[in-house]
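Below is one structure, written out as structure tokens; comments come after it.
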Amino acid sequence: MNTAFTLLIVDDEKRNRSLLTELLQGDYRIILAKNGEQALERAREHHPDLILLDVLMPDRDGYAVIRELKNDDQTRDIPVIFVTALDSAGDEERGLELGAVDYISKPFNPAIVRVRIRNHLQSVQQRRLLEQLAMLDSLTGIPNRRRFTKVFEQEWRRGMRDGTPISLIVVDVDHFKAYNDTYGHAAGDEVLRLIARTLQDALRRPGDFVARYGGEEFVILLPGITSEGARALAEQARADVEAKHITHAVSDVGPYVTISMGGATCEAVAAADQDLDLFRLADAYLYEAKHGGRNRVAWAPEG
């Protein structure tokens, strides 16, 4: 069974649901819905990889369901295949114009259904791989600025909903230009990779997040944690980097590569640009850390 993929089968007739389940359950995880309302609920709850959707259903037909799926940010990217007794060219055209990726007429050929589903799921997998690559920093292998922006927005919305704090840390490698000038860019790249791994290793919870923001800057996002806990993690990460003992003979901080960090914690609120204000605040305290001697953490007072 390919548990990596989940299919949502939507049909008001039990016999049709049973036929498709019997055909596909050995290859995929199957979720069933017997009407349009259930289809929308289960699509939002389970976010399936593919939806097999009947058109002729009472109360809310397949065309109405796909319109709602495509108008919802949570479900608009889920591919939909219509499986229906409507087999005219006009019916197929209408379904495709509404956003369906394929149209299978009943009675269907089991072998053809399997192949079409497999082909569409291969496309889903390829798209996800490309999306993942687009969200990773090519040098360090950790998430990039684009991915950070997306995760920050998601965690900010979660914090508003749950009433939980969010902490942000901005990280800068001390005297990195001087390091590159002395040891060469290849050595500098290796330092960035090592620091990225060290920052990742410092994270303690599944929701903690680190990304390369650009150049020698990194960001750490810590949702649902107190300022004391976030600052303690930052101090540990700073010490871990220094403990790597990467020689930096031209640094005025000490004999090894070090990092400076600025952090801030706040409650997520709905005010416009408040999330950007948190970044600006953390960045301002990075400036404080650098001008206070580097190799240190500076943290914004709460309130």
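Please note that chains go A, B, ... in the order of the structure tokens, that every chain numbers its residues from 1, and that ligands are numbered from 1 in the order shown.
Here the alpha helix (DSSP H) residues in stretch 163-227 of chain A, by DSSP on the backbone, are Phe176, Lys177, Ala178, Tyr179, Asn180, Asp181, Thr182, Tyr183, His185, Ala186, Ala187, Gly188, Asp189, Glu190, Val191, Leu192, Arg193, Leu194, Ile195, Ala196, Arg197, Thr198, Leu199, Gln200, Asp201, Ala202 and Ser227 of chain A.
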> Near A:Val80, counting only C-alpha atoms, which residues have an atom at most 12 Å away, once you skip same-chain residues fewer than 3 positions from it, shown as a VMD selection string?
Replying inline: chain A and resid 7 to 10 39 43 48 to 55 62 to 63 65 to 67 69 to 70 75 to 77 83 95 to 104 116 to 117 120 to 121 124
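Residue nearest A:Trp156, chosen from A:Ser138, A:Gln38, A:Thr84, A:Thr265 and counting only C-alpha atoms: A:Thr265.
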>> Give me the residues near A:Arg231 as a ChimeraX atom specification, where near means some atom within 10 Å (using only C-alpha atoms) and where sequence neighbours in that chain fewer than 2 positions away do not count.
In response: /A:167-169,225-229,233-237,261-265,297-299
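Among the candidates A:Arg44, A:Arg15, A:Arg158, A:His248, the residue lying nearest to A:Tyr183 is A:His248 (atoms considered: only C-alpha atoms).
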>> Could you list, as a PyMOL selection string, every residue within 12 Å of A:Tyr256, counting only C-alpha atoms and ignoring same-chain residues fewer than 4 positions away?
In response: chain A and resi 173-176+179+191+239-252+295
N, CA and C atoms of the current selection, written as a PDB file, in the first residue's frame:
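File again_35.pdb, as written:
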ATOM      1  N   VAL A 173      26.941  36.133  11.135  1.00  0.00           N
ATOM      2  CA  VAL A 173      28.284  35.604  11.375  1.00  0.00           C
ATOM      3  C   VAL A 173      29.247  36.776  11.548  1.00  0.00           C
ATOM      4  N   ASP A 174      29.974  36.789  12.654  1.00  0.00           N
ATOM      5  CA  ASP A 174      30.861  37.915  12.961  1.00  0.00           C
ATOM      6  C   ASP A 174      32.047  37.971  12.000  1.00  0.00           C
ATOM      7  N   HIS A 175      32.283  39.159  11.441  1.00  0.00           N
ATOM      8  CA  HIS A 175      33.437  39.422  10.563  1.00  0.00           C
ATOM      9  C   HIS A 175      33.557  38.378   9.446  1.00  0.00           C
ATOM     10  N   PHE A 176      32.421  38.093   8.815  1.00  0.00           N
ATOM     11  CA  PHE A 176      32.432  37.047   7.785  1.00  0.00           C
ATOM     12  C   PHE A 176      33.165  37.507   6.527  1.00  0.00           C
ATOM     13  N   TYR A 179      36.691  36.929   7.010  1.00  0.00           N
ATOM     14  CA  TYR A 179      36.990  35.490   6.917  1.00  0.00           C
ATOM     15  C   TYR A 179      37.121  35.072   5.458  1.00  0.00           C
ATOM     16  N   VAL A 191      31.903  27.226   6.187  1.00  0.00           N
ATOM     17  CA  VAL A 191      31.513  27.807   7.474  1.00  0.00           C
ATOM     18  C   VAL A 191      30.001  28.004   7.526  1.00  0.00           C
ATOM     19  N   ALA A 239      26.847  29.498  21.779  1.00  0.00           N
ATOM     20  CA  ALA A 239      27.958  28.773  22.396  1.00  0.00           C
ATOM     21  C   ALA A 239      28.357  27.559  21.552  1.00  0.00           C
ATOM     22  N   ASP A 240      27.380  26.892  20.956  1.00  0.00           N
ATOM     23  CA  ASP A 240      27.674  25.713  20.125  1.00  0.00           C
ATOM     24  C   ASP A 240      28.524  26.083  18.915  1.00  0.00           C
ATOM     25  N   VAL A 241      28.221  27.238  18.304  1.00  0.00           N
ATOM     26  CA  VAL A 241      29.015  27.673  17.147  1.00  0.00           C
ATOM     27  C   VAL A 241      30.444  27.967  17.578  1.00  0.00           C
ATOM     28  N   GLU A 242      30.613  28.703  18.661  1.00  0.00           N
ATOM     29  CA  GLU A 242      31.963  29.031  19.138  1.00  0.00           C
ATOM     30  C   GLU A 242      32.734  27.759  19.488  1.00  0.00           C
ATOM     31  N   ALA A 243      32.023  26.749  20.019  1.00  0.00           N
ATOM     32  CA  ALA A 243      32.672  25.503  20.438  1.00  0.00           C
ATOM     33  C   ALA A 243      33.146  24.656  19.261  1.00  0.00           C
ATOM     34  N   LYS A 244      32.757  25.013  18.055  1.00  0.00           N
ATOM     35  CA  LYS A 244      33.261  24.290  16.876  1.00  0.00           C
ATOM     36  C   LYS A 244      34.743  24.597  16.624  1.00  0.00           C
ATOM     37  N   HIS A 245      35.217  25.676  17.204  1.00  0.00           N
ATOM     38  CA  HIS A 245      36.636  26.055  17.115  1.00  0.00           C
ATOM     39  C   HIS A 245      37.106  26.166  15.667  1.00  0.00           C
ATOM     40  N   ILE A 246      36.339  26.925  14.875  1.00  0.00           N
ATOM     41  CA  ILE A 246      36.728  27.210  13.490  1.00  0.00           C
ATOM     42  C   ILE A 246      37.663  28.411  13.524  1.00  0.00           C
ATOM     43  N   THR A 247      38.894  28.208  13.175  1.00  0.00           N
ATOM     44  CA  THR A 247      39.910  29.260  13.288  1.00  0.00           C
ATOM     45  C   THR A 247      39.530  30.497  12.486  1.00  0.00           C
ATOM     46  N   HIS A 248      39.602  31.666  13.137  1.00  0.00           N
ATOM     47  CA  HIS A 248      39.335  32.946  12.481  1.00  0.00           C
ATOM     48  C   HIS A 248      40.388  33.936  12.992  1.00  0.00           C
ATOM     49  N   ALA A 249      41.547  33.894  12.366  1.00  0.00           N
ATOM     50  CA  ALA A 249      42.707  34.643  12.866  1.00  0.00           C
ATOM     51  C   ALA A 249      42.547  36.149  12.763  1.00  0.00           C
ATOM     52  N   VAL A 250      41.636  36.630  11.883  1.00  0.00           N
ATOM     53  CA  VAL A 250      41.513  38.076  11.690  1.00  0.00           C
ATOM     54  C   VAL A 250      40.272  38.644  12.377  1.00  0.00           C
ATOM     55  N   SER A 251      39.663  37.880  13.262  1.00  0.00           N
ATOM     56  CA  SER A 251      38.524  38.390  14.026  1.00  0.00           C
ATOM     57  C   SER A 251      39.011  39.097  15.277  1.00  0.00           C
ATOM     58  N   ASP A 252      38.406  40.226  15.596  1.00  0.00           N
ATOM     59  CA  ASP A 252      38.784  40.913  16.835  1.00  0.00           C
ATOM     60  C   ASP A 252      37.933  40.445  18.017  1.00  0.00           C
ATOM     61  N   ASN A 295      29.584  38.230  19.297  1.00  0.00           N
ATOM     62  CA  ASN A 295      29.584  36.933  19.998  1.00  0.00           C
ATOM     63  C   ASN A 295      28.690  37.005  21.239  1.00  0.00           C
TER      64      ASN A 295
END
